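One file, target-v7.txt, is given below (compact mmCIF, C-alpha atoms and all ligand atoms).
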```
# COMPACT_ATOMS: atom_id res chain seq x y z
CA MET B 1 -19.84 14.64 -24.84
CA LYS B 2 -23.20 16.25 -25.45
CA TYR B 3 -24.98 14.33 -22.70
CA TRP B 4 -22.06 14.13 -20.25
CA ASN B 5 -22.44 15.92 -16.94
CA THR B 6 -19.74 18.38 -15.80
CA LYS B 7 -18.06 15.83 -13.50
CA LEU B 8 -17.69 13.38 -16.34
CA LYS B 9 -16.39 16.00 -18.76
CA GLU B 10 -13.70 17.09 -16.35
CA MET B 11 -12.45 13.73 -15.12
CA THR B 12 -9.45 11.77 -16.42
CA GLU B 13 -10.31 8.13 -16.88
CA TYR B 14 -8.39 5.29 -15.26
CA ILE B 15 -6.03 3.71 -17.74
CA PRO B 16 -5.65 0.03 -16.97
CA GLY B 17 -2.57 -1.90 -18.06
CA GLU B 18 -2.81 -3.19 -21.61
CA GLN B 19 -4.76 -6.47 -21.95
CA PRO B 20 -3.87 -7.87 -25.38
CA GLY B 21 -5.94 -10.81 -26.64
CA GLY B 22 -4.55 -14.30 -26.06
CA GLY B 23 -1.77 -15.74 -28.23
CA GLY B 24 0.85 -13.79 -30.12
CA GLY B 25 3.63 -14.81 -27.73
CA ILE B 26 3.19 -11.74 -25.54
CA ILE B 27 4.78 -11.76 -22.10
CA LYS B 28 2.52 -9.86 -19.77
CA LEU B 29 4.23 -8.42 -16.73
CA ASN B 30 2.21 -5.23 -16.58
CA THR B 31 -0.90 -5.75 -14.42
CA ASN B 32 0.30 -7.80 -11.44
CA GLU B 33 -1.76 -10.82 -12.38
CA ASN B 34 -0.52 -14.13 -11.05
CA PRO B 35 1.45 -16.11 -13.66
CA PHE B 36 0.35 -19.44 -12.20
CA PRO B 37 -3.13 -20.82 -12.86
CA ALA B 38 -5.72 -20.95 -10.11
CA SER B 39 -5.61 -24.29 -8.31
CA GLN B 40 -7.32 -27.28 -9.94
CA ARG B 41 -9.75 -27.48 -7.00
CA VAL B 42 -10.92 -23.97 -7.77
CA LEU B 43 -11.34 -24.67 -11.48
CA ASP B 44 -13.21 -27.92 -10.73
CA ARG B 45 -15.54 -26.13 -8.33
CA ILE B 46 -16.34 -23.46 -10.92
CA LYS B 47 -17.08 -26.16 -13.52
CA GLU B 48 -19.34 -27.97 -11.06
CA ALA B 49 -21.20 -24.73 -10.38
CA CYS B 50 -21.92 -24.46 -14.12
CA ASN B 51 -25.22 -26.30 -13.81
CA GLN B 52 -28.95 -25.74 -13.93
CA SER B 53 -28.83 -23.54 -10.84
CA LEU B 54 -27.45 -20.76 -13.05
CA ARG B 55 -31.07 -19.95 -13.94
CA LEU B 56 -31.47 -18.81 -10.31
CA TYR B 57 -30.05 -15.60 -8.86
CA PRO B 58 -27.08 -16.03 -6.56
CA ASN B 59 -27.20 -15.41 -2.82
CA SER B 60 -27.35 -11.62 -2.69
CA THR B 61 -24.61 -11.25 -0.04
CA SER B 62 -22.39 -14.25 -0.93
CA LEU B 63 -23.11 -15.83 2.44
CA SER B 64 -21.07 -19.03 1.89
CA LEU B 65 -17.97 -17.01 1.05
CA ARG B 66 -18.45 -14.70 4.02
CA LYS B 67 -18.80 -17.67 6.38
CA ILE B 68 -15.53 -19.25 5.24
CA PHE B 69 -13.57 -15.99 5.40
CA ALA B 70 -15.09 -15.17 8.81
CA LYS B 71 -14.04 -18.53 10.26
CA ASP B 72 -10.50 -18.22 8.90
CA ASN B 73 -10.08 -14.73 10.30
CA ASN B 74 -11.91 -15.09 13.60
CA ILE B 75 -14.50 -12.43 12.78
CA ASP B 76 -18.24 -12.46 12.21
CA SER B 77 -19.69 -12.94 8.71
CA ASP B 78 -21.62 -9.69 9.30
CA ASN B 79 -18.25 -7.91 9.29
CA ILE B 80 -17.73 -8.78 5.63
CA PHE B 81 -19.05 -7.35 2.39
CA VAL B 82 -18.35 -9.13 -0.91
CA GLY B 83 -17.83 -7.03 -4.01
CA ASN B 84 -17.33 -7.52 -7.73
CA GLY B 85 -13.58 -7.13 -7.33
CA SER B 86 -12.16 -4.71 -4.79
CA ASP B 87 -12.53 -1.97 -7.42
CA GLU B 88 -16.31 -2.15 -6.96
CA ILE B 89 -15.79 -1.75 -3.23
CA PHE B 90 -13.85 1.49 -3.78
CA THR B 91 -16.67 2.80 -5.99
CA LEU B 92 -19.18 2.07 -3.24
CA ILE B 93 -16.94 3.67 -0.60
CA PHE B 94 -16.80 6.90 -2.58
CA ARG B 95 -20.55 6.86 -3.10
CA ALA B 96 -21.53 5.91 0.42
CA PHE B 97 -19.11 7.23 2.97
CA ILE B 98 -18.09 10.69 1.96
CA GLU B 99 -20.04 13.92 1.57
CA ASN B 100 -19.72 16.01 -1.60
CA ASN B 101 -17.63 18.61 0.20
CA GLY B 102 -15.38 15.99 1.83
CA VAL B 103 -11.68 15.60 1.09
CA VAL B 104 -9.85 12.31 0.51
CA ALA B 105 -6.12 11.78 0.93
CA PHE B 106 -3.85 9.09 -0.41
CA SER B 107 -0.15 8.59 -0.97
CA TYR B 108 1.59 9.41 -4.20
CA PRO B 109 2.53 7.32 -6.04
CA SER B 110 -0.15 4.78 -5.25
CA TYR B 111 -2.92 2.87 -7.03
CA SER B 112 -4.12 5.41 -9.57
CA LEU B 113 -7.71 4.20 -9.52
CA TYR B 114 -8.16 6.11 -6.22
CA TYR B 115 -7.59 9.43 -8.00
CA THR B 116 -9.99 8.45 -10.80
CA MET B 117 -12.69 7.40 -8.36
CA ALA B 118 -12.42 10.65 -6.45
CA GLU B 119 -12.75 12.62 -9.70
CA ALA B 120 -15.62 10.45 -10.94
CA ASN B 121 -17.49 11.26 -7.76
CA GLY B 122 -16.62 14.95 -7.79
CA ILE B 123 -14.65 14.63 -4.53
CA LYS B 124 -11.59 16.74 -3.80
CA TYR B 125 -8.40 14.85 -3.06
CA LYS B 126 -4.90 15.43 -1.81
CA LYS B 127 -1.91 13.38 -2.91
CA ILE B 128 0.69 13.08 -0.15
CA ASN B 129 4.14 12.20 -1.42
CA LEU B 130 5.87 9.10 -0.10
CA ASP B 131 9.23 9.95 1.46
CA LYS B 132 12.46 9.53 -0.50
CA ASP B 133 12.63 5.83 0.40
CA PHE B 134 8.98 5.39 -0.61
CA ASN B 135 7.72 5.06 2.96
CA VAL B 136 4.27 6.41 3.81
CA ASP B 137 4.26 9.68 5.74
CA LEU B 138 1.42 8.87 8.15
CA ASP B 139 1.87 12.12 10.13
CA ALA B 140 1.17 14.11 6.99
CA PHE B 141 -2.27 12.45 6.83
CA LEU B 142 -2.99 13.92 10.27
CA SER B 143 -2.00 17.46 9.31
CA LYS B 144 -5.55 18.26 8.10
CA ASN B 145 -8.93 16.77 8.90
CA TYR B 146 -9.20 14.46 5.91
CA ASP B 147 -12.56 12.71 5.72
CA LEU B 148 -11.14 9.62 4.11
CA VAL B 149 -7.60 8.26 3.89
CA ILE B 150 -6.63 5.36 1.64
CA LEU B 151 -3.53 3.42 2.50
CA CYS B 152 -2.41 0.76 0.06
CA ASN B 153 -0.52 -1.90 2.04
CA PRO B 154 1.75 -3.09 0.49
CA ASN B 155 1.70 -0.13 -1.84
CA ASN B 156 1.23 -0.35 -5.58
CA PRO B 157 3.44 0.54 -7.52
CA THR B 158 6.35 0.66 -5.04
CA GLY B 159 5.78 -2.68 -3.27
CA LYS B 160 6.70 -1.15 0.10
CA GLY B 161 4.80 -2.28 3.19
CA CYS B 162 3.62 -0.09 6.02
CA ASP B 163 4.05 -1.44 9.56
CA VAL B 164 0.74 -2.57 11.04
CA ASP B 165 1.68 -1.09 14.45
CA ASP B 166 2.14 2.29 12.76
CA ILE B 167 -1.36 1.96 11.32
CA ARG B 168 -2.73 1.22 14.79
CA ARG B 169 -0.99 4.30 16.22
CA PHE B 170 -2.40 6.32 13.32
CA LEU B 171 -5.92 5.11 14.14
CA ASP B 172 -5.48 6.21 17.76
CA LYS B 173 -5.34 9.78 16.45
CA TYR B 174 -7.26 9.81 13.16
CA LYS B 175 -11.00 10.47 13.31
CA GLY B 176 -12.01 10.10 9.64
CA LEU B 177 -12.47 6.84 7.74
CA LEU B 178 -9.36 4.81 6.94
CA ILE B 179 -9.29 2.34 4.06
CA VAL B 180 -6.44 -0.17 4.07
CA ASP B 181 -6.20 -1.73 0.62
CA GLU B 182 -4.71 -5.18 1.16
CA ALA B 183 -4.86 -6.42 -2.45
CA TYR B 184 -1.30 -7.78 -2.10
CA VAL B 185 -1.37 -8.77 1.58
CA ASP B 186 -0.81 -12.50 1.08
CA PHE B 187 2.66 -11.76 -0.28
CA TYR B 188 3.33 -9.53 2.73
CA GLY B 189 1.76 -11.35 5.65
CA GLU B 190 0.87 -8.35 7.86
CA THR B 191 -2.81 -7.54 7.97
CA SER B 192 -4.88 -4.83 9.67
CA ILE B 193 -8.00 -7.02 9.96
CA GLU B 194 -7.61 -7.32 13.75
CA MET B 195 -8.13 -3.54 14.06
CA VAL B 196 -11.67 -3.88 12.77
CA LYS B 197 -12.67 -5.20 16.20
CA GLU B 198 -11.24 -2.14 17.94
CA PHE B 199 -11.93 0.77 15.60
CA ASP B 200 -15.19 1.71 13.92
CA ASN B 201 -13.40 3.85 11.31
CA ILE B 202 -11.37 1.27 9.39
CA ILE B 203 -12.29 -0.70 6.26
CA VAL B 204 -9.84 -3.36 5.09
CA THR B 205 -10.19 -4.41 1.46
CA ARG B 206 -9.04 -7.67 -0.09
CA SER B 207 -8.83 -9.00 -3.63
CA PHE B 208 -8.94 -12.49 -5.16
CA SER B 209 -7.11 -11.19 -8.24
CA LYS B 210 -3.53 -11.51 -7.04
CA SER B 211 -2.52 -14.35 -4.69
CA TYR B 212 -5.51 -16.51 -5.74
CA SER B 213 -4.91 -16.08 -9.50
CA LEU B 214 -8.55 -15.12 -10.03
CA ALA B 215 -8.41 -11.66 -11.62
CA GLY B 216 -10.88 -12.80 -14.27
CA LEU B 217 -13.48 -13.87 -11.71
CA ARG B 218 -13.89 -10.43 -10.07
CA VAL B 219 -14.21 -10.94 -6.32
CA GLY B 220 -13.10 -8.61 -3.54
CA LEU B 221 -13.95 -8.18 0.13
CA ALA B 222 -14.44 -5.33 2.56
CA ILE B 223 -13.98 -6.05 6.25
CA ALA B 224 -15.32 -3.50 8.73
CA GLN B 225 -17.66 -3.03 11.68
CA LYS B 226 -21.28 -4.01 11.07
CA ASP B 227 -22.62 -0.50 10.68
CA ILE B 228 -20.27 0.15 7.76
CA ILE B 229 -21.17 -3.18 6.17
CA ARG B 230 -24.86 -2.23 6.41
CA GLY B 231 -23.98 0.93 4.46
CA PHE B 232 -22.44 -1.15 1.65
CA LEU B 233 -25.50 -3.40 1.56
CA LYS B 234 -27.82 -0.41 1.24
CA ILE B 235 -26.27 0.83 -1.99
CA LYS B 236 -24.90 -2.26 -3.71
CA ASP B 237 -26.38 -3.71 -6.90
CA SER B 238 -28.96 -6.38 -6.15
CA TYR B 239 -26.79 -9.37 -7.17
CA ASN B 240 -23.29 -7.99 -7.53
CA VAL B 241 -21.36 -11.28 -7.29
CA ASP B 242 -22.40 -14.16 -9.52
CA ARG B 243 -22.71 -17.84 -8.62
CA LEU B 244 -19.54 -18.94 -10.42
CA ALA B 245 -17.48 -16.22 -8.79
CA GLU B 246 -18.70 -17.09 -5.32
CA ALA B 247 -18.12 -20.82 -5.89
CA GLY B 248 -14.57 -20.22 -7.16
CA ALA B 249 -13.69 -17.82 -4.36
CA CYS B 250 -14.99 -20.27 -1.71
CA ALA B 251 -12.86 -23.05 -3.16
CA ALA B 252 -9.85 -20.72 -3.27
CA LEU B 253 -10.18 -19.92 0.44
CA LEU B 254 -10.51 -23.60 1.30
CA ASP B 255 -7.41 -24.56 -0.67
CA LYS B 256 -4.78 -23.42 1.84
CA LYS B 257 -2.09 -25.65 0.36
CA GLY B 258 -2.69 -24.18 -3.10
CA LEU B 259 -2.27 -20.65 -1.75
CA LYS B 260 0.93 -21.49 0.08
CA TYR B 261 2.39 -23.18 -2.97
CA ASN B 262 1.58 -20.15 -5.11
CA ILE B 263 3.10 -17.70 -2.65
CA ASP B 264 6.27 -19.79 -2.27
CA MET B 265 6.67 -19.96 -6.07
CA MET B 266 6.19 -16.20 -6.36
CA LYS B 267 8.75 -15.58 -3.62
CA ASN B 268 11.26 -17.78 -5.37
CA ASN B 269 10.69 -16.03 -8.72
CA LYS B 270 10.86 -12.61 -7.10
CA GLU B 271 14.26 -13.42 -5.60
CA PHE B 272 15.46 -14.62 -9.00
CA LEU B 273 14.31 -11.41 -10.71
CA GLU B 274 15.76 -9.16 -8.00
CA GLU B 275 19.16 -10.77 -8.32
CA LYS B 276 19.27 -10.79 -12.13
CA ILE B 277 17.90 -7.31 -12.62
CA GLU B 278 20.26 -5.77 -10.06
CA ALA B 279 23.14 -7.37 -11.92
CA LEU B 280 21.98 -5.43 -15.02
CA GLY B 281 22.38 -2.10 -13.23
CA PHE B 282 18.83 -1.58 -11.94
CA GLN B 283 18.00 -0.23 -8.48
CA VAL B 284 15.23 -2.30 -6.94
CA VAL B 285 12.83 -0.97 -4.30
CA PRO B 286 12.49 -3.74 -1.66
CA SER B 287 9.11 -5.24 -2.45
CA LYS B 288 6.55 -6.98 -0.23
CA ALA B 289 4.28 -7.67 -3.19
CA ASN B 290 4.26 -9.62 -6.47
CA PHE B 291 6.01 -6.92 -8.48
CA LEU B 292 9.22 -4.89 -8.47
CA PHE B 293 9.59 -1.13 -8.90
CA VAL B 294 12.91 -0.65 -10.64
CA LYS B 295 15.03 2.12 -12.09
CA HIS B 296 18.10 1.83 -14.27
CA SER B 297 21.17 3.83 -13.34
CA HIS B 298 21.55 5.47 -16.75
CA VAL B 299 18.83 4.42 -19.22
CA GLN B 300 15.44 6.10 -19.04
CA ALA B 301 12.50 3.95 -17.96
CA VAL B 302 10.34 5.02 -20.90
CA GLU B 303 13.03 3.94 -23.39
CA ILE B 304 13.32 0.52 -21.79
CA TYR B 305 9.53 0.20 -21.69
CA LYS B 306 9.23 0.94 -25.42
CA LYS B 307 12.05 -1.39 -26.42
CA LEU B 308 10.61 -4.22 -24.32
CA ARG B 309 7.25 -3.63 -25.94
CA GLU B 310 8.83 -4.08 -29.38
CA LYS B 311 10.02 -7.45 -28.08
CA LYS B 312 6.43 -8.24 -27.00
CA ILE B 313 7.28 -7.95 -23.32
CA LEU B 314 4.83 -5.73 -21.48
CA VAL B 315 5.83 -4.03 -18.23
CA ARG B 316 4.16 -0.98 -16.64
CA TYR B 317 5.36 2.54 -17.19
CA PHE B 318 3.52 5.38 -15.44
CA ASP B 319 3.82 8.96 -16.51
CA GLY B 320 4.12 11.57 -13.75
CA PRO B 321 6.60 12.88 -11.18
CA ILE B 322 8.90 10.31 -9.53
CA GLN B 323 7.19 7.26 -10.99
CA SER B 324 8.17 8.05 -14.60
CA GLU B 325 11.75 7.25 -13.58
CA TYR B 326 10.71 3.70 -12.74
CA LEU B 327 9.18 0.61 -14.29
CA ARG B 328 6.85 -1.71 -12.43
CA ILE B 329 7.44 -5.32 -13.36
CA SER B 330 5.05 -8.06 -12.24
CA ILE B 331 6.64 -11.31 -11.11
CA GLY B 332 6.02 -13.80 -13.89
CA SER B 333 6.78 -17.47 -14.42
CA MET B 334 10.46 -18.48 -14.53
CA MET B 335 10.34 -18.74 -18.31
CA GLU B 336 8.84 -15.26 -18.64
CA LEU B 337 11.42 -13.78 -16.29
CA LYS B 338 14.30 -15.38 -18.17
CA THR B 339 12.95 -13.95 -21.44
CA LEU B 340 12.64 -10.56 -19.74
CA ILE B 341 16.23 -10.68 -18.50
CA ASN B 342 17.50 -11.68 -21.95
CA GLY B 343 15.45 -8.87 -23.50
CA LEU B 344 16.79 -6.32 -21.01
CA SER B 345 20.37 -7.48 -21.52
CA SER B 346 20.15 -6.99 -25.26
CA ILE B 347 18.44 -3.57 -24.92
CA LEU B 348 21.11 -2.37 -22.51
CA LYS B 349 23.92 -3.66 -24.77
CA ASP B 350 22.47 -1.60 -27.65
C1 LIG V 1 -3.69 -1.78 -4.92
C2 LIG V 1 -4.76 -2.44 -5.71
N1 LIG V 1 -5.98 -2.51 -5.19
C3 LIG V 1 -6.97 -3.09 -5.87
C4 LIG V 1 -6.76 -3.61 -7.13
C5 LIG V 1 -7.91 -4.19 -7.90
O1 LIG V 1 -8.30 -5.39 -7.40
P1 LIG V 1 -9.56 -6.14 -7.98
O2 LIG V 1 -9.09 -6.93 -9.16
O3 LIG V 1 -10.01 -6.99 -6.84
O4 LIG V 1 -10.59 -5.13 -8.38
C6 LIG V 1 -5.50 -3.56 -7.71
C7 LIG V 1 -5.27 -4.10 -9.05
O5 LIG V 1 -4.26 -4.00 -9.65
C8 LIG V 1 -4.47 -2.95 -6.98
O6 LIG V 1 -3.24 -2.85 -7.48
```
When written as structure tokens, how does the structure in this file appear?
Amino acid sequence: MKYWNTKLKEMTEYIPGEQPGGGGGIIKLNTNENPFPASQRVLDRIKEACNQSLRLYPNSTSLSLRKIFAKDNNIDSDNIFVGNGSDEIFTLIFRAFIENNGVVAFSYPSYSLYYTMAEANGIKYKKINLDKDFNVDLDAFLSKNYDLVILCNPNNPTGKGCDVDDIRRFLDKYKGLLIVDEAYVDFYGETSIEMVKEFDNIIVTRSFSKSYSLAGLRVGLAIAQKDIIRGFLKIKDSYNVDRLAEAGACAALLDKKGLKYNIDMMKNNKEFLEEKIEALGFQVVPSKANFLFVKHSHVQAVEIYKKLREKKILVRYFDGPIQSEYLRISIGSMMELKTLINGLSSILKD
């Protein structure tokens, strides 16, 4: 710690879900990755891009990807910034769009990286509790002049969605910068992208890690008015998205059938898990994402988490108020979910 600055000494690092090496028969339902492989078209395109052009730098703003996304969403490619995963975009937001004495607000519980990023950048933050049904309390975000508000829609770890019309009404009153994190939006279907045309204080973020099965590729997007995008471009690394990542992400956007197939499969598996896990005595928070937030009526979440781990089944347990009563379980393949249900049945019998 000798050379660490004060900010670094004081901050708590982000603890990602466990990523064990391949093999070993582990069932991984802890980081909301997609259990199905990326489409063959995407894999073929990445292989094709593995050629002599790798000696050249990539396009510095991922222009091909921006053009495809712009066309699909009826916006201009200058309204899009491409990042090395949406996590990079959050880092840039904290560095670029908030003063040192600014205050950020986000819901609790929500994606814990937001808290880490605020600490890493020495920025004060306020956690605003979700209501008892895990709905976002948008009025509470208006109670003070927060400089930045992050809304995760649908929210991680609860899976609850916030109504897009409520977000629009919020923007009518809110004067700071609003980030809508849409990492799971393809499972939900309601986006705030349209509001970018109307409001200069919204940034919508997207990820290729969930519905496109490309967590390993690291691609995310920010969609906002041009002035904001120029801010991102000013501070980004010179070549933040590599050639293979851009090629894969372009192919993913073009493969509409592949995306639909994936989402339908996930929906089917989610319904299966909901039904089976409820039958085992779990309460399930209605989820708009690719995971379930569940609580057993009389066995503690941490006990179940540990016992599942012994059976090589990883789910996510978060320490802290409210969320320590729950487990977050990513929707896996049918085989993984059946193994999970069998594992849970035998734990609960014991
Ligand atoms: C709400 C939310 N936003 C963003 C991310 C990170 O996305 P990416 O892989 O694009 O950095 C995650 C990952 O779990 C997430 O849950």
Name each residue within 10 Å of ligand LIG 1 (chain V), counting only C-alpha atoms and all ligand atoms, as a ChimeraX atom specification. /B:16-17,30-33,83-90,110-114,151-157,159,180-185,205-210,214-221,289
Check the smallest atom-to-atom distance from each of B:Glu274, B:Asp78, B:Glu246, B:Asp147 to Ile93 of chain B using only C-alpha atoms, then report the winner.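 For Ile93 of chain B, the nearest of the given residues is B:Asp147.
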Can you tell me which residues surround Phe36 of chain B at a distance of at most 9 Å, considering all atoms listed in the file, apart from same-chain residues fewer than 5 positions away, and format the answer as a VMD selection string? chain B and resid 213 262 265 to 266 332 to 333
I'd like the interatomic distance between atom CA of Ala245 of chain B and atom CA of Ser192 of chain B, to a tenth of an Å. 25.1 Å
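Residue neighbourhood of Glu275 of chain B, excluding near-sequence residues (fewer than 3 positions): B:Asn268, B:Asn269, B:Lys270, B:Glu271, B:Phe272, B:Glu278, B:Ala279, B:Leu280, B:Gly281, B:Phe282, B:Gln283, B:Val284, B:Pro286, B:Leu292, B:Leu337, B:Lys338, B:Ile341, at 12 Å, using all atoms listed in the file.
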Take the point (3.7, -11.7, -28.9) in the file's coordinates, draw a sphere of radius 10 Å around it, and report as a compact mmCIF listing (two decimals) with C-alpha atoms, in the coordinates of the input every protein, DNA or RNA residue with an atom inside or on it, counting all atoms listed in the file.
```
# COMPACT_ATOMS: atom_id res chain seq x y z
CA PRO B 20 -3.87 -7.87 -25.38
CA GLY B 21 -5.94 -10.81 -26.64
CA GLY B 22 -4.55 -14.30 -26.06
CA GLY B 23 -1.77 -15.74 -28.23
CA GLY B 24 0.85 -13.79 -30.12
CA GLY B 25 3.63 -14.81 -27.73
CA ILE B 26 3.19 -11.74 -25.54
CA ILE B 27 4.78 -11.76 -22.10
CA LYS B 28 2.52 -9.86 -19.77
CA ARG B 309 7.25 -3.63 -25.94
CA GLU B 310 8.83 -4.08 -29.38
CA LYS B 311 10.02 -7.45 -28.08
CA LYS B 312 6.43 -8.24 -27.00
CA ILE B 313 7.28 -7.95 -23.32
CA LEU B 314 4.83 -5.73 -21.48
```
Restricting the calculation to only C-alpha atoms: of B:Phe94, B:Phe106, B:Phe187, B:Tyr146, which residue gets closest to Ala118 of chain B? B:Phe94
Rank nothing, just name the residue among B:Ser77, B:Ser287, B:Ala140, B:Asp172 nearest to Tyr188 of chain B, using only C-alpha atoms. B:Ser287
Show me, as a ChimeraX atom specification, the residues that have an atom within 9 Å of segment 38-41 of chain B when counting all atoms listed in the file, minus same-chain residues fewer than 5 positions from it. /B:46,212-214,248,251-252,255,258-259,262
Go ahead and compute the interatomic distance for atom CA of Leu171 of chain B and atom CA of Met195 of chain B, in Å to one decimal. 8.9 Å
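With atom CA of Asp166 of chain B on one side and atom CA of Ile179 of chain B on the other, the separation reads 14.4 Å.
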Which neighbours of Thr61 of chain B fall inside 7 Å, counting only C-alpha atoms, when residues of the same chain fewer than 2 positions from it are skipped, and could you give them as a PDB file with C-alpha atoms, in the coordinates of the input?
```pdb
ATOM      1  CA  ASN B  59     -27.200 -15.410  -2.820  1.00  0.00           C
ATOM      2  CA  LEU B  63     -23.110 -15.830   2.440  1.00  0.00           C
ATOM      3  CA  VAL B  82     -18.350  -9.130  -0.910  1.00  0.00           C
TER       4      VAL B  82
END
```
Find the residues near Ile329 of chain B: any atom within 7 Å, counting only C-alpha atoms, skip ones fewer than 4 places away on the same chain, and give them as a list in words.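 Surrounding residues, per the criterion: Leu29, Asn30, Phe291, Leu292, Phe293, Val315 and Arg316 of chain B.
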Could you tell me which of B:Gln225, B:Asp319, B:Ile331, B:Asp163 comes closest to Glu198 of chain B if we count all atoms listed in the file?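 Closest candidate: B:Gln225.
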Using the file's own x, y and z axes, so that the box edges lie along x, y and z, what centre and edge lengths in Å (one decimal) does a box around every listed atom of segment 13-27 of chain B get when 8 Å is added on each side? Give it as JSON.
```
{"center_x": -2.8, "center_y": -3.8, "center_z": -22.7, "size_x": 31.1, "size_y": 39.9, "size_z": 30.9}
```
